[in-house]
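Engineer: My structure is stored as input_8.cif, with mmCIF, C-alpha atoms and all ligand atoms.
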data_input
#
loop_
_atom_site.group_PDB
_atom_site.id
_atom_site.type_symbol
_atom_site.label_atom_id
_atom_site.label_comp_id
_atom_site.auth_asym_id
_atom_site.auth_seq_id
_atom_site.Cartn_x
_atom_site.Cartn_y
_atom_site.Cartn_z
ATOM 1 C CA MET B 1 61.668 97.902 83.074
ATOM 2 C CA LYS B 2 64.274 100.590 82.380
ATOM 3 C CA HIS B 3 62.786 102.593 85.223
ATOM 4 C CA LYS B 4 63.106 99.660 87.643
ATOM 5 C CA VAL B 5 66.736 99.126 86.703
ATOM 6 C CA LEU B 6 67.456 102.788 87.310
ATOM 7 C CA VAL B 7 65.773 102.686 90.719
ATOM 8 C CA LEU B 8 67.762 99.558 91.615
ATOM 9 C CA CYS B 9 71.043 101.226 90.548
ATOM 10 C CA PHE B 10 70.190 104.272 92.633
ATOM 11 C CA LEU B 11 69.399 102.150 95.711
ATOM 12 C CA LEU B 12 72.619 100.181 95.324
ATOM 13 C CA SER B 13 74.652 103.392 95.104
ATOM 14 C CA GLN B 14 73.006 104.644 98.295
ATOM 15 C CA VAL B 15 73.723 101.365 100.078
ATOM 16 C CA SER B 16 77.374 101.557 99.074
ATOM 17 C CA PHE B 17 77.486 105.144 100.335
ATOM 18 C CA LEU B 18 75.985 104.149 103.681
ATOM 19 C CA MET B 19 78.168 101.057 103.991
ATOM 20 C CA SER B 20 80.943 101.659 106.455
ATOM 21 C CA SER B 21 84.527 100.936 105.541
ATOM 22 C CA GLU B 22 86.274 98.522 107.847
ATOM 23 C CA ASN B 23 89.601 100.289 107.509
ATOM 24 C CA TYR B 24 90.280 103.986 107.460
ATOM 25 C CA GLY B 25 93.161 106.387 107.867
ATOM 26 C CA ILE B 26 95.217 109.254 106.517
ATOM 27 C CA ALA B 27 98.703 109.788 105.093
ATOM 28 C CA VAL B 28 100.478 113.103 104.496
ATOM 29 C CA HIS B 29 103.641 114.387 102.843
ATOM 30 C CA GLY B 30 105.735 117.509 103.225
ATOM 31 C CA GLY B 31 107.581 117.227 99.923
ATOM 32 C CA ALA B 32 110.344 115.209 98.321
ATOM 33 C CA GLY B 33 113.856 116.543 97.741
ATOM 34 C CA VAL B 34 117.349 116.813 99.091
ATOM 35 C CA MET B 35 116.998 116.394 102.843
ATOM 36 C CA LYS B 36 120.515 115.443 103.866
ATOM 37 C CA ASN B 37 121.353 118.911 105.156
ATOM 38 C CA LEU B 38 118.395 119.164 107.502
ATOM 39 C CA SER B 39 119.562 120.085 110.991
ATOM 40 C CA GLU B 40 118.406 118.059 114.008
ATOM 41 C CA ASN B 41 116.362 121.029 115.074
ATOM 42 C CA GLN B 42 114.601 121.309 111.695
ATOM 43 C CA LYS B 43 113.917 117.567 111.664
ATOM 44 C CA GLN B 44 112.401 117.745 115.104
ATOM 45 C CA LYS B 45 110.150 120.681 114.190
ATOM 46 C CA ILE B 46 108.965 118.916 111.042
ATOM 47 C CA GLU B 47 108.274 115.668 112.889
ATOM 48 C CA GLU B 48 106.357 117.468 115.620
ATOM 49 C CA GLN B 49 104.221 119.278 113.060
ATOM 50 C CA ILE B 50 103.464 116.086 111.130
ATOM 51 C CA ILE B 51 102.513 114.171 114.306
ATOM 52 C CA LYS B 52 100.285 116.995 115.525
ATOM 53 C CA THR B 53 98.509 117.364 112.182
ATOM 54 C CA LEU B 54 98.080 113.609 111.665
ATOM 55 C CA THR B 55 96.674 113.171 115.170
ATOM 56 C CA GLU B 56 94.076 115.889 114.668
ATOM 57 C CA ALA B 57 93.178 114.859 111.117
ATOM 58 C CA PHE B 58 92.768 111.220 112.172
ATOM 59 C CA LYS B 59 90.462 112.338 114.962
ATOM 60 C CA ILE B 60 88.181 113.924 112.338
ATOM 61 C CA ILE B 61 87.883 110.545 110.618
ATOM 62 C CA GLU B 62 87.556 108.543 113.837
ATOM 63 C CA GLN B 63 84.715 110.753 114.957
ATOM 64 C CA GLY B 64 82.827 110.076 111.737
ATOM 65 C CA GLY B 65 84.015 113.091 109.707
ATOM 66 C CA THR B 66 84.718 112.861 105.988
ATOM 67 C CA SER B 67 88.010 112.195 104.244
ATOM 68 C CA MET B 68 87.525 115.509 102.381
ATOM 69 C CA ASP B 69 87.427 117.370 105.705
ATOM 70 C CA ALA B 70 90.469 115.463 106.979
ATOM 71 C CA VAL B 71 92.695 116.139 103.942
ATOM 72 C CA GLU B 72 91.624 119.776 103.723
ATOM 73 C CA PHE B 73 92.383 120.230 107.400
ATOM 74 C CA ALA B 74 95.812 118.555 107.173
ATOM 75 C CA VAL B 75 96.909 120.544 104.139
ATOM 76 C CA SER B 76 95.662 123.843 105.574
ATOM 77 C CA GLU B 77 97.659 123.208 108.767
ATOM 78 C CA PHE B 78 100.813 122.742 106.674
ATOM 79 C CA GLU B 79 99.977 125.870 104.673
ATOM 80 C CA ASP B 80 99.979 127.821 107.938
ATOM 81 C CA SER B 81 103.474 126.584 108.811
ATOM 82 C CA PRO B 82 106.659 128.205 107.447
ATOM 83 C CA LEU B 83 108.256 124.724 107.433
ATOM 84 C CA PHE B 84 106.749 123.714 104.095
ATOM 85 C CA ASN B 85 106.585 125.056 100.562
ATOM 86 C CA ALA B 86 102.877 125.871 100.574
ATOM 87 C CA GLY B 87 100.862 128.840 101.837
ATOM 88 C CA ARG B 88 102.999 130.805 104.279
ATOM 89 C CA GLY B 89 106.266 129.010 103.426
ATOM 90 C CA SER B 90 105.901 129.259 99.637
ATOM 91 C CA VAL B 91 109.069 129.648 97.579
ATOM 92 C CA TYR B 92 109.700 132.558 95.192
ATOM 93 C CA ASN B 93 109.502 132.634 91.413
ATOM 94 C CA SER B 94 112.241 134.265 89.313
ATOM 95 C CA GLU B 95 110.725 137.729 89.945
ATOM 96 C CA GLU B 96 110.644 137.279 93.729
ATOM 97 C CA VAL B 97 106.893 136.708 93.784
ATOM 98 C CA GLN B 98 105.118 133.791 95.467
ATOM 99 C CA GLU B 99 102.485 132.123 93.306
ATOM 100 C CA MET B 100 100.652 129.198 94.871
ATOM 101 C CA ASP B 101 98.721 126.226 93.483
ATOM 102 C CA ALA B 102 96.396 123.749 95.225
ATOM 103 C CA SER B 103 93.811 121.089 94.474
ATOM 104 C CA ILE B 104 91.444 118.675 96.211
ATOM 105 C CA MET B 105 89.371 115.752 94.962
ATOM 106 C CA SER B 106 86.672 113.497 96.348
ATOM 107 C CA GLY B 107 86.630 109.889 95.136
ATOM 108 C CA GLN B 108 82.975 109.559 96.081
ATOM 109 C CA ASN B 109 81.672 111.559 93.141
ATOM 110 C CA ARG B 110 84.829 112.916 91.437
ATOM 111 C CA SER B 111 84.040 116.368 92.747
ATOM 112 C CA ALA B 112 87.266 118.358 92.306
ATOM 113 C CA GLY B 113 88.484 121.914 92.850
ATOM 114 C CA ALA B 114 91.733 123.763 92.245
ATOM 115 C CA VAL B 115 93.356 127.184 92.288
ATOM 116 C CA ALA B 116 96.541 128.207 90.514
ATOM 117 C CA SER B 117 98.916 131.163 90.526
ATOM 118 C CA VAL B 118 97.307 132.829 93.539
ATOM 119 C CA ARG B 119 99.266 135.384 95.548
ATOM 120 C CA THR B 120 97.080 136.676 98.347
ATOM 121 C CA ILE B 121 95.032 133.713 99.565
ATOM 122 C CA LYS B 122 96.130 132.536 103.021
ATOM 123 C CA ASN B 123 94.912 128.965 102.484
ATOM 124 C CA PRO B 124 94.733 128.016 98.801
ATOM 125 C CA ILE B 125 93.432 124.519 99.698
ATOM 126 C CA LYS B 126 90.343 125.963 101.398
ATOM 127 C CA VAL B 127 89.508 127.954 98.282
ATOM 128 C CA ALA B 128 90.130 124.883 96.084
ATOM 129 C CA ARG B 129 87.538 123.038 98.203
ATOM 130 C CA LYS B 130 85.096 125.895 97.729
ATOM 131 C CA VAL B 131 85.666 125.847 93.967
ATOM 132 C CA ALA B 132 84.566 122.186 94.097
ATOM 133 C CA ASP B 133 81.627 122.761 96.423
ATOM 134 C CA LEU B 134 80.261 126.096 95.271
ATOM 135 C CA THR B 135 81.032 126.556 91.576
ATOM 136 C CA GLU B 136 80.448 124.701 88.341
ATOM 137 C CA HIS B 137 84.156 124.829 87.572
ATOM 138 C CA VAL B 138 87.188 122.773 88.533
ATOM 139 C CA MET B 139 89.964 125.374 88.453
ATOM 140 C CA LEU B 140 90.187 129.122 89.025
ATOM 141 C CA ILE B 141 93.442 130.994 88.519
ATOM 142 C CA GLY B 142 95.094 134.277 89.495
ATOM 143 C CA GLU B 143 92.894 137.309 90.053
ATOM 144 C CA GLY B 144 89.678 135.416 89.353
ATOM 145 C CA ALA B 145 90.474 132.929 92.096
ATOM 146 C CA GLU B 146 91.406 135.742 94.476
ATOM 147 C CA LYS B 147 88.182 137.629 93.756
ATOM 148 C CA PHE B 148 86.205 134.445 94.383
ATOM 149 C CA ALA B 149 88.072 133.846 97.659
ATOM 150 C CA GLU B 150 87.234 137.364 98.810
ATOM 151 C CA GLN B 151 83.575 137.033 97.832
ATOM 152 C CA ILE B 152 83.109 133.869 99.868
ATOM 153 C CA GLY B 153 84.941 135.304 102.879
ATOM 154 C CA GLU B 154 88.147 133.280 102.699
ATOM 155 C CA GLU B 155 91.115 134.963 104.334
ATOM 156 C CA ILE B 156 93.151 137.311 102.119
ATOM 157 C CA VAL B 157 96.560 138.406 103.395
ATOM 158 C CA SER B 158 99.199 140.925 102.357
ATOM 159 C CA LYS B 159 102.505 140.031 100.710
ATOM 160 C CA ASP B 160 104.234 140.458 104.075
ATOM 161 C CA TYR B 161 102.494 137.385 105.448
ATOM 162 C CA PHE B 162 104.447 135.185 103.007
ATOM 163 C CA TYR B 163 107.757 137.061 103.306
ATOM 164 C CA SER B 164 110.683 134.717 103.901
ATOM 165 C CA GLU B 165 114.330 135.693 104.087
ATOM 166 C CA LYS B 166 115.276 132.020 103.805
ATOM 167 C CA ASN B 167 113.266 131.532 100.629
ATOM 168 C CA LEU B 168 114.760 134.686 99.103
ATOM 169 C CA LYS B 169 118.241 133.342 99.823
ATOM 170 C CA ARG B 170 117.211 130.055 98.260
ATOM 171 C CA LEU B 171 116.119 131.947 95.127
ATOM 172 C CA ARG B 172 119.356 133.933 94.887
ATOM 173 C CA LYS B 173 121.366 130.762 95.275
ATOM 174 C CA ALA B 174 119.337 129.122 92.535
ATOM 175 C CA LYS B 175 119.900 132.095 90.220
ATOM 176 C CA ASN B 176 123.640 132.036 90.819
ATOM 177 C CA LYS B 177 123.833 128.372 90.061
ATOM 178 C CA SER B 178 121.824 128.881 86.854
ATOM 179 C CA THR B 179 121.180 125.165 86.948
ATOM 180 C CA ASN B 180 118.372 122.787 86.154
ATOM 181 C CA LEU B 181 115.277 123.660 88.229
ATOM 182 C CA ASN B 182 115.119 120.144 89.542
ATOM 183 C CA LEU B 183 118.567 120.102 91.055
ATOM 184 C CA ILE B 184 118.090 123.117 93.259
ATOM 185 C CA GLN B 185 115.012 121.939 95.117
ATOM 186 C CA ASP B 186 116.048 121.345 98.688
ATOM 187 C CA LYS B 187 114.709 120.773 102.132
ATOM 188 C CA ILE B 188 111.384 122.416 101.621
ATOM 189 C CA GLY B 189 108.433 120.728 100.131
ATOM 190 C CA THR B 190 105.009 120.763 98.685
ATOM 191 C CA VAL B 191 102.381 119.296 101.006
ATOM 192 C CA GLY B 192 99.652 116.763 100.460
ATOM 193 C CA ALA B 193 97.255 114.368 102.126
ATOM 194 C CA VAL B 194 95.267 111.272 101.162
ATOM 195 C CA ALA B 195 92.585 109.643 103.303
ATOM 196 C CA ILE B 196 89.798 107.102 103.432
ATOM 197 C CA ASP B 197 86.964 107.608 105.905
ATOM 198 C CA LYS B 198 84.593 105.228 107.675
ATOM 199 C CA TYR B 199 82.146 105.451 104.759
ATOM 200 C CA GLY B 200 84.761 104.190 102.293
ATOM 201 C CA ASN B 201 85.146 107.594 100.657
ATOM 202 C CA ILE B 202 88.661 108.427 99.467
ATOM 203 C CA ALA B 203 89.970 112.008 99.169
ATOM 204 C CA ALA B 204 93.252 113.625 98.156
ATOM 205 C CA ALA B 205 94.646 117.168 98.406
ATOM 206 C CA THR B 206 97.882 118.919 97.435
ATOM 207 C CA SER B 207 99.217 122.467 97.908
ATOM 208 C CA THR B 208 102.449 124.161 96.863
ATOM 209 C CA GLY B 209 104.387 127.325 96.154
ATOM 210 C CA GLY B 210 105.819 125.447 93.158
ATOM 211 C CA MET B 211 109.507 125.433 92.296
ATOM 212 C CA THR B 212 112.077 128.069 93.284
ATOM 213 C CA ASN B 213 113.047 130.309 90.347
ATOM 214 C CA LYS B 214 110.111 129.139 88.213
ATOM 215 C CA MET B 215 108.912 131.499 85.483
ATOM 216 C CA PRO B 216 106.128 133.891 86.495
ATOM 217 C CA GLY B 217 102.824 132.227 85.622
ATOM 218 C CA ARG B 218 104.283 128.720 85.622
ATOM 219 C CA VAL B 219 101.837 126.161 86.996
ATOM 220 C CA GLY B 220 103.032 122.732 88.080
ATOM 221 C CA ASP B 221 101.271 119.439 88.695
ATOM 222 C CA SER B 222 99.883 120.184 92.159
ATOM 223 C CA PRO B 223 96.633 121.827 91.003
ATOM 224 C CA ILE B 224 96.197 119.481 88.048
ATOM 225 C CA ILE B 225 93.629 116.765 88.715
ATOM 226 C CA GLY B 226 95.158 113.462 87.611
ATOM 227 C CA SER B 227 98.746 114.687 87.995
ATOM 228 C CA GLY B 228 99.193 116.161 91.466
ATOM 229 C CA THR B 229 95.961 114.912 92.987
ATOM 230 C CA TRP B 230 93.587 112.033 92.296
ATOM 231 C CA ALA B 231 90.882 110.236 94.298
ATOM 232 C CA GLN B 232 88.717 107.350 93.164
ATOM 233 C CA ASN B 233 86.527 105.344 95.533
ATOM 234 C CA ASN B 234 87.190 101.592 95.666
ATOM 235 C CA VAL B 235 90.589 102.180 94.058
ATOM 236 C CA CYS B 236 92.935 104.778 95.570
ATOM 237 C CA GLY B 237 93.857 108.357 96.403
ATOM 238 C CA VAL B 238 97.189 109.953 95.483
ATOM 239 C CA SER B 239 99.075 113.202 96.151
ATOM 240 C CA SER B 240 102.318 113.902 94.266
ATOM 241 C CA THR B 241 105.424 115.954 94.922
ATOM 242 C CA GLY B 242 108.408 116.535 92.683
ATOM 243 C CA HIS B 243 109.312 117.991 89.322
ATOM 244 C CA GLY B 244 105.813 118.995 88.248
ATOM 245 C CA GLU B 245 106.331 119.102 84.488
ATOM 246 C CA PHE B 246 107.025 115.347 84.430
ATOM 247 C CA PHE B 247 104.172 114.592 86.799
ATOM 248 C CA ILE B 248 101.845 116.363 84.368
ATOM 249 C CA LYS B 249 103.199 114.623 81.285
ATOM 250 C CA TYR B 250 102.964 111.189 82.914
ATOM 251 C CA GLN B 251 99.636 111.871 84.688
ATOM 252 C CA VAL B 252 101.220 110.306 87.748
ATOM 253 C CA ALA B 253 98.436 110.430 90.345
ATOM 254 C CA LYS B 254 95.791 108.918 88.079
ATOM 255 C CA GLU B 255 98.260 106.431 86.607
ATOM 256 C CA VAL B 256 98.751 104.789 90.020
ATOM 257 C CA CYS B 257 94.998 104.211 90.375
ATOM 258 C CA THR B 258 94.676 103.061 86.760
ATOM 259 C CA ARG B 259 97.280 100.338 87.298
ATOM 260 C CA ILE B 260 95.432 99.150 90.399
ATOM 261 C CA GLU B 261 92.089 99.218 88.608
ATOM 262 C CA TYR B 262 93.041 97.567 85.331
ATOM 263 C CA LEU B 263 96.210 95.626 86.070
ATOM 264 C CA ASN B 264 95.218 94.411 89.523
ATOM 265 C CA LYS B 265 98.414 95.771 91.021
ATOM 266 C CA SER B 266 98.679 96.412 94.737
ATOM 267 C CA ILE B 267 99.067 100.011 95.854
ATOM 268 C CA VAL B 268 102.704 99.369 96.729
ATOM 269 C CA GLU B 269 103.500 97.824 93.320
ATOM 270 C CA ALA B 270 101.649 100.462 91.293
ATOM 271 C CA SER B 271 103.191 103.390 93.184
ATOM 272 C CA GLN B 272 106.742 102.015 93.174
ATOM 273 C CA GLU B 273 106.614 101.139 89.466
ATOM 274 C CA ILE B 274 105.692 104.639 88.389
ATOM 275 C CA ILE B 275 108.316 106.237 90.622
ATOM 276 C CA ASP B 276 110.952 103.862 89.171
ATOM 277 C CA GLU B 277 109.856 104.731 85.638
ATOM 278 C CA LEU B 278 110.150 108.440 86.426
ATOM 279 C CA GLU B 279 113.661 107.906 87.735
ATOM 280 C CA GLN B 280 114.671 106.323 84.438
ATOM 281 C CA ILE B 281 113.876 109.605 82.683
ATOM 282 C CA GLU B 282 115.521 111.665 85.436
ATOM 283 C CA ALA B 283 112.219 112.915 86.804
ATOM 284 C CA TYR B 284 112.482 113.246 90.555
ATOM 285 C CA GLY B 285 109.857 113.220 93.264
ATOM 286 C CA GLY B 286 107.518 111.007 95.220
ATOM 287 C CA ILE B 287 103.914 110.162 95.944
ATOM 288 C CA ILE B 288 101.729 109.180 98.843
ATOM 289 C CA ALA B 289 98.848 106.827 98.097
ATOM 290 C CA ILE B 290 96.089 105.134 100.092
ATOM 291 C CA ASP B 291 93.861 102.355 98.783
ATOM 292 C CA TYR B 292 90.271 101.188 99.418
ATOM 293 C CA ASP B 293 91.495 99.112 102.391
ATOM 294 C CA ALA B 294 93.586 101.909 103.970
ATOM 295 C CA ASN B 295 96.913 100.424 102.824
ATOM 296 C CA ILE B 296 99.518 103.139 102.340
ATOM 297 C CA ALA B 297 102.394 103.437 99.843
ATOM 298 C CA MET B 298 104.952 106.269 99.866
ATOM 299 C CA PRO B 299 107.717 105.709 97.298
ATOM 300 C CA PHE B 300 110.166 108.436 96.222
ATOM 301 C CA ASN B 301 113.315 108.603 94.114
ATOM 302 C CA THR B 302 114.889 111.600 95.848
ATOM 303 C CA ASP B 303 117.218 111.751 98.812
ATOM 304 C CA GLY B 304 114.212 111.992 101.123
ATOM 305 C CA MET B 305 110.509 112.709 101.409
ATOM 306 C CA ILE B 306 108.803 114.048 104.502
ATOM 307 C CA ARG B 307 105.897 111.693 105.139
ATOM 308 C CA GLY B 308 103.702 110.127 107.761
ATOM 309 C CA GLY B 309 100.467 108.307 108.335
ATOM 310 C CA ILE B 310 98.053 106.690 110.715
ATOM 311 C CA THR B 311 95.255 104.179 110.153
ATOM 312 C CA ASN B 312 93.044 102.057 112.381
ATOM 313 C CA LYS B 313 95.442 99.165 111.672
ATOM 314 C CA ARG B 314 98.793 100.988 111.750
ATOM 315 C CA LYS B 315 100.000 103.298 114.465
ATOM 316 C CA ILE B 316 101.202 106.815 113.754
ATOM 317 C CA PHE B 317 104.582 107.138 111.978
ATOM 318 C CA VAL B 318 106.780 109.880 110.507
ATOM 319 C CA GLU B 319 109.757 109.341 108.210
ATOM 320 C CA ILE B 320 112.080 111.577 106.223
ATOM 321 C CA TYR B 321 114.671 109.300 104.601
HETATM 322 N N1 LIG Q 1 105.334 119.438 92.298
HETATM 323 C C1 LIG Q 1 105.565 120.793 92.662
HETATM 324 C C2 LIG Q 1 105.593 121.626 91.393
HETATM 325 O O1 LIG Q 1 106.157 121.195 90.411
HETATM 326 C C3 LIG Q 1 106.847 121.023 93.397
HETATM 327 C C4 LIG Q 1 107.185 120.017 94.478
HETATM 328 O O2 LIG Q 1 106.430 119.096 94.737
HETATM 329 O O3 LIG Q 1 108.230 120.155 95.117
HETATM 330 O O4 LIG Q 1 105.112 122.716 91.420
#
What do you get writing this file as structure tokens?

Structural biologist:
Amino acid sequence: MKHKVLVLCFLLSQVSFLMSSENYGIAVHGGAGVMKNLSENQKQKIEEQIIKTLTEAFKIIEQGGTSMDAVEFAVSEFEDSPLFNAGRGSVYNSEEVQEMDASIMSGQNRSAGAVASVRTIKNPIKVARKVADLTEHVMLIGEGAEKFAEQIGEEIVSKDYFYSEKNLKRLRKAKNKSTNLNLIQDKIGTVGAVAIDKYGNIAAATSTGGMTNKMPGRVGDSPIIGSGTWAQNNVCGVSSTGHGEFFIKYQVAKEVCTRIEYLNKSIVEASQEIIDELEQIEAYGGIIAIDYDANIAMPFNTDGMIRGGITNKRKIFVEIY
């Protein structure tokens, strides 16, 4: 009898895997922060990059690819751009070193991978995916992660690749101000993506250089599963951006899905509520979230958040304020 029940459960799980999802799509963010000083030229470049990446990532899903492939692709494209605080555009820590964090999660089976405090990996998100796919672990940090990246043939680059005069200036300004970390975050953001594919599988990914002037070795929420990134089939997928310490302590990404799952909230209600609660404790940032029906929510409590999306039921959009 027990055997029959097990076989039935297995068959049902396979049917749900093979079942196609009626609605599908992808949303991305390029960080939350103070955006009011962005020049027209910067805005245009950012918008062009978001549109290009969304178009290509959506094509992956439309052609039957997986949400994991789509979010990894989108985040790696942003990592290659100096416009965002991830990969090539990463900000500096207090010792003028760039230390990057990234994570990815599949809602299909809770497979998850992350890297933290890496300095030489060109695309931290690609290595995070490999941690999920090829190892028995969830997170690798520092030298161990870099050694792993090298062993599996992921691209390693020299310090020069990440060099940024602008980000050094940003660091010096932050040091002079000797102010709260949160108040000096401007115009340049962490990146993330959430997606649901035609098979109903939800995925989420996040990548960052962290916060300007952070202590060496500091790790924020972006590589923490449940804080910066969460994906759960039939519920939602979330990627966070903002003051990481709070996003860790309030387990923000998972919390959104938990409220949908147990309190029957809509994605818009659950996401907005948590962002409002963070604001009450002066924790600033935003999230992007997608649910099981490809509805998107993108609340933030900062001046702006670079964001965009496209689904089979909503045409492509990009917004900053
Ligand atoms: N959440 C990131 C961190 O704390 C920073 C950001 O999203 O701007 O590392």

Engineer: Can you tell me, as a list in words, what residues are no more than 9 Å from Val157 in chain B when counting all atoms listed in the file, ignoring any on the same chain fewer than 6 positions away?

Structural biologist: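 Here the qualifying residues turn out to be Arg119, Thr120, Ile121 and Lys122 of chain B.
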
Engineer: Report as number ranges by chain which protein, DNA and RNA residues come within 9 Å of ligand LIG 1 (chain Q), using all atoms listed in the file.

Structural biologist: B: 30-33, 85, 100-101, 182, 185-186, 188-191, 206-212, 214, 218-223, 228, 240-248, 285-286

Engineer: Could you please determine the separation between CA of Ile125 in chain B and CA of Leu140 in chain B in Å, to one decimal place?

Structural biologist: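 Distance reported for this atom pair: 12.1 Å.
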
Engineer: Could you give me, as JSON lines, every range 189-245 of chain B residue with an atom at most 9 Å from range 68-76 of chain B, plus its closest atom pair and distance in Å to one decimal, counting all atoms listed in the file, rows ordered by chain then number?

Structural biologist:
{"residue": "B:Val191", "atom": "CA", "partner": "B:Val75", "partner_atom": "CA", "distance": 6.4}
{"residue": "B:Gly192", "atom": "CA", "partner": "B:Val75", "partner_atom": "CA", "distance": 5.9}
{"residue": "B:Ala193", "atom": "CA", "partner": "B:Val71", "partner_atom": "CA", "distance": 5.2}
{"residue": "B:Val194", "atom": "CA", "partner": "B:Val71", "partner_atom": "CA", "distance": 6.2}
{"residue": "B:Ala195", "atom": "CA", "partner": "B:Val71", "partner_atom": "CA", "distance": 6.5}
{"residue": "B:Ile196", "atom": "CA", "partner": "B:Met68", "partner_atom": "CA", "distance": 8.8}
{"residue": "B:Asp197", "atom": "CA", "partner": "B:Ala70", "partner_atom": "CA", "distance": 8.7}
{"residue": "B:Asn201", "atom": "CA", "partner": "B:Met68", "partner_atom": "CA", "distance": 8.4}
{"residue": "B:Ile202", "atom": "CA", "partner": "B:Met68", "partner_atom": "CA", "distance": 7.7}
{"residue": "B:Ala203", "atom": "CA", "partner": "B:Met68", "partner_atom": "CA", "distance": 5.3}
{"residue": "B:Ala204", "atom": "CA", "partner": "B:Val71", "partner_atom": "CA", "distance": 6.3}
{"residue": "B:Ala205", "atom": "CA", "partner": "B:Val71", "partner_atom": "CA", "distance": 6.0}
{"residue": "B:Thr206", "atom": "CA", "partner": "B:Val75", "partner_atom": "CA", "distance": 7.0}
{"residue": "B:Ser207", "atom": "CA", "partner": "B:Val75", "partner_atom": "CA", "distance": 6.9}

Engineer: Using the chain letters and numbers from this file, what does the PyMOL selection byres (((chain B and resi 235) around 7) and not hetatm) select? Give the answer as a PDB file with C-alpha atoms, keeping the file's coordinate frame.

Structural biologist:
ATOM      1  CA  GLN B 232      88.717 107.350  93.164  1.00  0.00           C
ATOM      2  CA  ASN B 233      86.527 105.344  95.533  1.00  0.00           C
ATOM      3  CA  ASN B 234      87.190 101.592  95.666  1.00  0.00           C
ATOM      4  CA  CYS B 236      92.935 104.778  95.570  1.00  0.00           C
ATOM      5  CA  CYS B 257      94.998 104.211  90.375  1.00  0.00           C
ATOM      6  CA  ILE B 260      95.432  99.150  90.399  1.00  0.00           C
ATOM      7  CA  GLU B 261      92.089  99.218  88.608  1.00  0.00           C
ATOM      8  CA  ASP B 291      93.861 102.355  98.783  1.00  0.00           C
ATOM      9  CA  TYR B 292      90.271 101.188  99.418  1.00  0.00           C
TER      10      TYR B 292
END

Engineer: Between range 23-130 of chain B and range 293-303 of chain B, at 8 Å or less, what are the per-residue closest atom pairs and their distances in Å? Count only C-alpha atoms, order by chain and rising residue number, and return it as JSON lines.

Structural biologist:
{"residue": "B:Asn23", "atom": "CA", "partner": "B:Ala294", "partner_atom": "CA", "distance": 5.6}
{"residue": "B:Tyr24", "atom": "CA", "partner": "B:Ala294", "partner_atom": "CA", "distance": 5.2}
{"residue": "B:Gly25", "atom": "CA", "partner": "B:Ala294", "partner_atom": "CA", "distance": 6.0}
{"residue": "B:Ile26", "atom": "CA", "partner": "B:Ala294", "partner_atom": "CA", "distance": 7.9}
{"residue": "B:Ala27", "atom": "CA", "partner": "B:Ile296", "partner_atom": "CA", "distance": 7.2}
{"residue": "B:Ala32", "atom": "CA", "partner": "B:Thr302", "partner_atom": "CA", "distance": 6.3}
{"residue": "B:Gly33", "atom": "CA", "partner": "B:Thr302", "partner_atom": "CA", "distance": 5.4}
{"residue": "B:Val34", "atom": "CA", "partner": "B:Asp303", "partner_atom": "CA", "distance": 5.1}
{"residue": "B:Met35", "atom": "CA", "partner": "B:Asp303", "partner_atom": "CA", "distance": 6.2}
{"residue": "B:Lys36", "atom": "CA", "partner": "B:Asp303", "partner_atom": "CA", "distance": 7.1}

Engineer: Please write as a ChimeraX atom specification the list of polymer residues whose atoms come within 12 Å of (93.6, 107.9, 114.4), counting all atoms listed in the file and keeping to the coordinates of the file.

Structural biologist: /B:23-27,51-65,70,195-198,309-317

Engineer: Any idea what's packed within 9 Å of Gly217 in chain B, counting only C-alpha atoms, ignoring anything in its chain fewer than 6 positions away? Could you give it as a ChimeraX atom specification?

Structural biologist: /B:93,99,116-117,142

Engineer: Work out how far apart CA of Ala86 in chain B and CA of Glu255 in chain B are and give it in Å to one decimal.

Structural biologist: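 These two atoms are separated by 24.4 Å.
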
Engineer: Record the distance separating CA of Ala128 in chain B and CA of Ile290 in chain B, expressed in Å with one decimal.

Structural biologist: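 Value for the CA of Ala128 in chain B-CA of Ile290 in chain B distance: 21.0 Å.
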
Engineer: Report as a list in words the full result of the PyMOL selection byres (((chain B and resi 269) around 10) and not hetatm) when it is applied to this structure.

Structural biologist: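 Written out, the selection comes to Val256, Arg259, Ile260, Asn264, Lys265, Ser266, Ile267, Val268, Ala270, Ser271, Gln272, Glu273, Ile274, Ala297 and Pro299 of chain B.
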
Engineer: Mind writing the picked residues with C-alpha atoms as a tab-separated table (two decimals), in the coordinates of the input?

Structural biologist:
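Okay, selection.tsv is ready:
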chain	number	residue	atom	x	y	z
B	256	VAL	CA	98.75	104.79	90.02
B	259	ARG	CA	97.28	100.34	87.30
B	260	ILE	CA	95.43	99.15	90.40
B	264	ASN	CA	95.22	94.41	89.52
B	265	LYS	CA	98.41	95.77	91.02
B	266	SER	CA	98.68	96.41	94.74
B	267	ILE	CA	99.07	100.01	95.85
B	268	VAL	CA	102.70	99.37	96.73
B	270	ALA	CA	101.65	100.46	91.29
B	271	SER	CA	103.19	103.39	93.18
B	272	GLN	CA	106.74	102.02	93.17
B	273	GLU	CA	106.61	101.14	89.47
B	274	ILE	CA	105.69	104.64	88.39
B	297	ALA	CA	102.39	103.44	99.84
B	299	PRO	CA	107.72	105.71	97.30

Engineer: For the PyMOL selection byres (((chain B and resi 166) around 12) and not hetatm), applied here, can you spell out every residue it catches as a list in words?

Structural biologist: Pro82, Leu83, Phe84, Asn85, Gly89, Ser90, Val91, Tyr92, Phe162, Tyr163, Ser164, Glu165, Asn167, Leu168, Lys169, Arg170, Leu171, Arg172, Lys173, Asp186, Lys187, Ile188 and Thr212 of chain B

Engineer: Quick one: what's the axis-aligned box for range 206-209 of chain B, all listed atoms, 5 Å on every side, centre and edges in Å to one decimal, as AutoDock Vina command-line options?

Structural biologist:
--center_x 101.1 --center_y 123.1 --center_z 97.0 --size_x 16.5 --size_y 18.4 --size_z 11.8
